[in-house]
>>> print(open('entry-v3.txt').read())   # compact mmCIF, C-alpha atoms
# COMPACT_ATOMS: atom_id res chain seq x y z
CA MET A 162 -14.62 -13.66 11.48
CA PRO A 163 -12.76 -10.69 9.96
CA TYR A 164 -14.59 -8.79 7.28
CA GLY A 165 -13.41 -6.05 4.93
CA LYS A 166 -14.15 -4.30 1.66
CA GLN A 167 -12.39 -7.17 -0.06
CA SER A 168 -14.82 -9.72 1.40
CA SER A 169 -17.16 -11.22 -1.18
CA ASP A 170 -20.78 -10.09 -1.30
CA GLU A 171 -21.88 -13.57 -0.33
CA THR A 172 -19.60 -13.68 2.72
CA LEU A 173 -20.89 -10.30 3.85
CA ARG A 174 -24.48 -11.25 3.14
CA GLN A 175 -24.20 -14.42 5.22
CA GLY A 176 -22.60 -12.46 8.05
CA CYS A 177 -25.35 -9.85 7.94
CA LEU A 178 -27.99 -12.58 7.97
CA ARG A 179 -26.48 -13.78 11.24
CA GLY A 180 -26.81 -10.22 12.56
CA ASP A 181 -23.03 -9.76 12.76
CA ARG A 182 -22.43 -6.03 13.23
CA LEU A 183 -18.92 -6.30 11.75
CA ALA A 184 -20.34 -7.83 8.58
CA GLN A 185 -22.95 -5.04 8.44
CA GLN A 186 -20.21 -2.47 8.80
CA ALA A 187 -18.09 -4.05 6.07
CA LEU A 188 -21.04 -4.23 3.67
CA TYR A 189 -21.91 -0.61 4.45
CA GLN A 190 -18.33 0.53 3.93
CA LYS A 191 -17.98 -1.45 0.69
CA TYR A 192 -21.02 0.14 -0.98
CA TYR A 193 -21.26 3.51 0.73
CA GLY A 194 -19.27 5.45 -1.88
CA LYS A 195 -21.22 4.13 -4.82
CA LEU A 196 -24.71 4.23 -3.31
CA LEU A 197 -24.44 7.71 -1.79
CA GLY A 198 -24.60 9.15 -5.32
CA ILE A 199 -28.25 8.09 -5.58
CA PRO A 200 -29.68 10.23 -2.75
CA MET A 201 -27.06 12.90 -3.47
CA ARG A 202 -28.68 13.71 -6.81
CA TYR A 203 -32.14 14.05 -5.28
CA THR A 204 -31.44 15.85 -2.02
CA GLN A 205 -30.21 19.34 -1.24
CA ASP A 206 -27.10 18.42 0.72
CA ARG A 207 -24.86 15.60 1.87
CA GLU A 208 -26.38 15.36 5.36
CA GLU A 209 -29.85 14.73 3.96
CA ALA A 210 -28.39 12.27 1.45
CA ARG A 211 -26.54 10.40 4.18
CA ALA A 212 -29.66 10.15 6.33
CA LEU A 213 -31.59 8.71 3.38
CA LEU A 214 -28.81 6.28 2.56
CA ASN A 215 -28.90 5.05 6.15
CA GLN A 216 -32.64 4.50 5.86
CA ALA A 217 -31.92 2.53 2.68
CA PHE A 218 -29.32 0.39 4.46
CA LEU A 219 -31.78 -0.26 7.26
CA LYS A 220 -34.18 -1.57 4.63
CA ILE A 221 -31.36 -3.57 3.02
CA PHE A 222 -30.39 -5.27 6.27
CA THR A 223 -34.02 -6.03 7.00
CA ALA A 224 -34.73 -7.34 3.50
CA LEU A 225 -31.59 -9.47 3.14
CA PRO A 226 -33.42 -12.73 3.94
CA GLN A 227 -35.67 -12.03 0.94
CA TYR A 228 -32.77 -11.43 -1.46
CA ARG A 229 -32.69 -13.94 -4.31
CA GLU A 230 -29.63 -14.26 -6.51
CA GLU A 231 -31.34 -12.90 -9.61
CA GLY A 232 -29.33 -10.07 -11.09
CA SER A 233 -26.39 -8.49 -9.34
CA PHE A 234 -26.30 -7.88 -5.61
CA ALA A 235 -25.03 -4.34 -6.28
CA GLY A 236 -28.05 -3.75 -8.52
CA TRP A 237 -30.38 -4.94 -5.77
CA LEU A 238 -28.75 -2.53 -3.32
CA SER A 239 -29.10 0.33 -5.83
CA THR A 240 -32.76 -0.45 -6.46
CA ILE A 241 -33.58 -0.34 -2.74
CA THR A 242 -31.62 2.89 -2.28
CA PHE A 243 -33.43 4.49 -5.20
CA ARG A 244 -36.86 3.41 -3.93
CA VAL A 245 -36.21 4.65 -0.42
CA THR A 246 -35.03 7.97 -1.82
CA ILE A 247 -38.02 8.51 -4.09
CA ASP A 248 -40.48 7.28 -1.45
CA HIS A 249 -39.12 9.90 0.91
CA PHE A 250 -40.05 12.67 -1.50
CA ARG A 251 -43.42 11.12 -2.30
CA LYS A 252 -44.26 10.98 1.39
CA THR A 253 -43.16 14.50 2.19
CA SER A 254 -44.68 15.95 -0.99
CA ARG A 255 -42.30 18.85 -0.58
CA GLN A 256 -41.66 18.75 -4.29
CA GLN A 257 -45.28 19.65 -5.05
CA GLN A 258 -44.74 23.26 -4.18
CA VAL A 259 -43.12 24.92 -7.14
CA SER A 260 -43.59 28.45 -8.19
CA THR A 261 -44.12 29.19 -11.84
CA THR A 262 -41.82 32.10 -11.32
CA THR A 263 -38.94 30.09 -9.89
CA PRO A 264 -35.91 32.34 -10.30
CA PRO A 265 -32.83 31.11 -12.11
CA VAL A 266 -30.41 29.38 -9.81
CA ALA A 267 -27.12 31.11 -9.09
CA PRO A 268 -24.80 28.38 -7.87
CA ALA A 269 -22.55 29.38 -5.01
CA VAL A 270 -19.90 26.84 -5.83
CA ARG A 271 -16.47 27.89 -6.98
CA ASN A 272 -16.01 29.22 -10.46
CA GLU A 273 -15.60 25.93 -12.21
CA ILE A 274 -15.58 27.57 -15.62
CA GLU A 275 -12.01 28.50 -14.89
CA ALA A 276 -11.15 25.32 -13.05
CA GLN A 277 -11.45 21.63 -13.55
CA LEU A 278 -15.01 20.54 -12.93
CA GLU A 279 -15.00 17.77 -10.37
CA ALA A 280 -17.78 15.22 -10.08
CA GLU A 281 -18.75 16.54 -6.65
CA ASP A 282 -19.14 20.04 -8.13
CA ILE A 283 -21.72 18.60 -10.51
CA PHE A 284 -23.66 17.18 -7.57
CA LYS A 285 -23.57 20.62 -5.93
CA HIS A 286 -25.03 22.25 -9.02
CA ILE A 287 -27.83 19.69 -9.18
CA GLN A 288 -28.49 20.07 -5.44
CA GLN A 289 -28.88 23.81 -5.80
CA LEU A 290 -31.84 23.43 -8.11
CA PRO A 291 -35.22 23.91 -6.41
CA GLU A 292 -36.41 20.52 -5.26
CA ALA A 293 -39.28 20.27 -7.73
CA LEU A 294 -36.88 20.79 -10.63
CA ARG A 295 -34.07 18.67 -9.18
CA LEU A 296 -36.25 15.58 -8.84
CA VAL A 297 -37.43 15.71 -12.44
CA PHE A 298 -33.97 16.52 -13.81
CA SER A 299 -32.35 13.60 -11.99
CA LEU A 300 -35.13 11.17 -12.81
CA TYR A 301 -35.11 12.10 -16.50
CA VAL A 302 -31.47 12.91 -17.27
CA ILE A 303 -29.56 10.76 -14.77
CA ASP A 304 -31.84 7.78 -14.21
CA GLY A 305 -33.45 7.75 -17.65
CA ASP A 306 -37.11 7.76 -16.67
CA LYS A 307 -39.75 8.95 -19.13
CA HIS A 308 -42.12 11.83 -18.39
CA GLU A 309 -45.05 9.44 -17.98
CA GLU A 310 -43.11 7.44 -15.39
CA ILE A 311 -41.97 10.59 -13.58
CA ALA A 312 -45.54 11.88 -13.53
CA GLN A 313 -46.68 8.67 -11.88
CA LEU A 314 -43.81 8.66 -9.37
CA LEU A 315 -44.29 12.26 -8.29
CA ASP A 316 -48.04 12.47 -8.75
CA ILE A 317 -47.84 15.27 -11.29
CA THR A 318 -48.87 15.50 -14.92
CA PRO A 319 -46.49 14.62 -17.79
CA GLY A 320 -46.83 18.21 -18.94
CA ASN A 321 -45.71 19.50 -15.57
CA SER A 322 -42.77 17.10 -15.68
CA LYS A 323 -41.74 18.51 -19.06
CA TRP A 324 -42.06 22.06 -17.75
CA ARG A 325 -39.89 21.29 -14.73
CA LEU A 326 -37.27 19.63 -16.91
CA ALA A 327 -37.14 22.67 -19.19
CA LYS A 328 -36.64 24.97 -16.18
CA ALA A 329 -33.93 22.75 -14.74
CA ARG A 330 -32.13 22.62 -18.07
CA GLU A 331 -32.37 26.38 -18.36
CA SER A 332 -30.57 26.76 -15.03
CA LEU A 333 -27.94 24.09 -15.55
CA ARG A 334 -27.22 24.95 -19.17
CA ALA A 335 -25.84 28.29 -18.00
CA THR A 336 -23.27 26.57 -15.80
CA LEU A 337 -22.67 22.90 -16.54
CA GLY A 338 -23.67 23.17 -20.20
CA LYS A 339 -21.42 26.15 -20.67
CA PHE A 340 -18.50 24.37 -19.05
CA TYR A 341 -18.81 21.24 -21.12
CA HIS A 342 -19.39 23.15 -24.32
CA ARG A 343 -16.31 25.28 -23.70
CA ASN A 344 -14.23 22.22 -22.89
CA ARG A 345 -15.42 20.48 -26.00
CA THR A 346 -14.71 23.34 -28.37
CA SER A 347 -11.29 24.04 -26.84
CA LYS A 348 -10.08 20.49 -27.59
CA MET B 131 -33.48 18.78 -28.10
CA LYS B 132 -30.31 20.16 -29.58
CA GLU B 133 -27.30 17.90 -30.06
CA GLN B 134 -25.38 20.23 -27.74
CA ASP B 135 -27.80 19.40 -24.90
CA HIS B 136 -27.34 15.68 -25.45
CA PHE B 137 -23.61 16.17 -25.14
CA TRP B 138 -23.47 17.99 -21.81
CA GLU B 139 -26.24 16.00 -20.22
CA GLY B 140 -24.46 12.80 -21.22
CA GLU B 141 -21.32 14.07 -19.54
CA VAL B 142 -23.26 15.00 -16.40
CA ARG B 143 -24.91 11.56 -16.34
CA ARG B 144 -21.58 9.78 -16.77
CA ASN B 145 -19.88 11.78 -14.02
CA VAL B 146 -22.76 11.42 -11.57
CA THR B 147 -23.33 7.69 -12.07
CA GLU B 148 -19.65 6.72 -12.10
CA HIS B 149 -18.52 8.83 -9.17
CA GLU B 150 -17.66 7.06 -5.95
CA PHE B 151 -17.72 9.14 -2.75
CA GLU B 152 -15.11 8.67 -0.08
CA PHE B 153 -16.26 6.75 2.95
CA GLU B 154 -17.05 8.92 5.99
CA PRO B 155 -16.62 7.26 9.40
CA VAL B 156 -19.35 9.53 10.83
CA ALA B 157 -21.81 7.91 8.45
CA TRP B 158 -21.25 4.48 9.97
CA GLU B 159 -21.54 5.95 13.48
CA GLU B 160 -24.98 7.29 12.55
CA MET B 161 -25.90 3.99 10.91
CA SER B 162 -24.77 2.05 13.94
CA GLN B 163 -26.95 4.21 16.20
CA LEU B 164 -29.87 3.64 13.86
CA LEU B 165 -29.37 -0.12 14.04
CA ASP B 166 -29.27 0.06 17.84
CA GLN B 167 -32.48 2.11 17.94
CA THR B 168 -34.38 -0.17 15.60
CA GLY B 169 -33.41 -3.33 17.36
CA LEU B 170 -31.61 -5.14 14.56
CA PRO B 171 -29.28 -7.49 16.44
CA PRO B 172 -25.78 -6.07 16.95
CA GLU B 173 -24.20 -9.53 16.92
>>> encode(input="entry-v3.txt", output="C-alpha cells")
Amino acid sequence: MPYGKQSSDETLRQGCLRGDRLAQQALYQKYYGKLLGIPMRYTQDREEARALLNQAFLKIFTALPQYREEGSFAGWLSTITFRVTIDHFRKTSRQQQVSTTTPPVAPAVRNEIEAQLEAEDIFKHIQQLPEALRLVFSLYVIDGDKHEEIAQLLDITPGNSKWRLAKARESLRATLGKFYHRNRTSK
Amino acid sequence: MKEQDHFWEGEVRRNVTEHEFEFEPVAWEEMSQLLDQTGLPPE
C-alpha cells in the first residue's frame, strides 16, 4: 500500500502496527519537521537533536499498540518526544554541572541585528547557551513549566532554577531581546 | 519581569513552537538503521 505525508494518521498508524517499514517512513517524514523543534531547543546542535528524535520515534513505534484515541495523535507524538528528550538529560545529569561564573554567551551566528532573524537562528542562539541554562530557559519560556516543576524534572532547587533562568535571560536579552525590541520600536 | 521581556520571549516562543524544519533524508537513513538494530520488524 502506498503511503505519503498526505496519508491520514490512522492509515499510517495501522500500517506501523503491521510493522510496515513504508508506513513507518511516511509517519516519520510527516512529523519530522514539527517534532525536531522539541529536542532542538534542549540540545546543543542538530545532530544531537536528530539522534534524540530518532530515540523518540523508536519509542513511538514501540508504544503505538498502547495509543488510545484520547487527544490528538500529534499531541501524543509531541509528549513522547518531550519525555525522551528530558529523560536523556536526567540520565546523563550533564546539566548539573554549572559554574556560578558562567561567562556571557557570545553567539557565533551571523549578525542578525542587521538581517532578518530566521526561526533557525533563534534555535542557534538557544543552543549556544550552556546546557544548564538552556534546559531551564526552554522549559520555562518555551514549554511553560513552572520553577517547581523544573526543579523536580532536573533534580535541582526552585531557587537554582530561577537563578539559571535569570542567567539565560541575561545572555539572550543582549541578542534576541535587542533584535525584537529594535524591530518593535522601528515599526 | 518587565513588559519588554514578555514581548521578546513571547516572540521567541512563537517562532520556536511554530517552526517546521525541512525533512532530511539522512535522518530517515539513521532511523532505518536504528529500527534494523533494535529488531522492530521491517515489514
>>> interface_residues(input="entry-v3.txt", of="chain A", to="chain B", cutoff="7 Å", atoms="all atoms listed in the file", output="list in words")
Gly180, Asp181, Arg182, Gln190, Tyr193, Gly194, Lys195, Leu197, Gly198, Arg211, Asn215, Ala280, Val302, Ile303, Gly338 and Tyr341 of chain A
>>> atom_distance(input="entry-v3.txt", atom1="CA of Asn344 (chain A)", atom2="CA of Glu281 (chain A)")
17.8 Å
>>> residues_around(input="entry-v3.txt", residues="region 186-188 of chain A", least_positions_apart="3", cutoff="7 Å", atoms="all atoms listed in the file", output="ChimeraX atom specification")
/A:164-166,173,182-183,191-192
>>> residues_around(input="entry-v3.txt", residues="Val297 (chain A)", least_positions_apart="4", cutoff="7 Å", atoms="all atoms listed in the file", output="tab-separated table (two decimals) with C-alpha atoms, keeping the file's coordinate frame")
chain	number	residue	atom	x	y	z
A	293	ALA	CA	-39.28	20.27	-7.73
A	301	TYR	CA	-35.11	12.10	-16.50
A	311	ILE	CA	-41.97	10.59	-13.58
A	322	SER	CA	-42.77	17.10	-15.68
A	325	ARG	CA	-39.89	21.29	-14.73
A	326	LEU	CA	-37.27	19.63	-16.91
>>> atom_distance(input="entry-v3.txt", atom1="CA of Arg343 (chain A)", atom2="CA of Arg202 (chain A)")
23.9 Å
>>> atom_distance(input="entry-v3.txt", atom1="CA of Leu314 (chain A)", atom2="CA of Leu219 (chain A)")
22.4 Å
>>> residues_around(input="entry-v3.txt", residues="Arg295 (chain A)", least_positions_apart="5", cutoff="8 Å", atoms="all atoms listed in the file", output="PDB file with C-alpha atoms, in the frame of the given file")
ATOM      1  CA  ARG A 202     -28.680  13.710  -6.810  1.00  0.00           C
ATOM      2  CA  TYR A 203     -32.140  14.050  -5.280  1.00  0.00           C
ATOM      3  CA  ILE A 287     -27.830  19.690  -9.180  1.00  0.00           C
ATOM      4  CA  GLN A 288     -28.490  20.070  -5.440  1.00  0.00           C
ATOM      5  CA  LEU A 290     -31.840  23.430  -8.110  1.00  0.00           C
ATOM      6  CA  ALA A 329     -33.930  22.750 -14.740  1.00  0.00           C
TER       7      ALA A 329
END
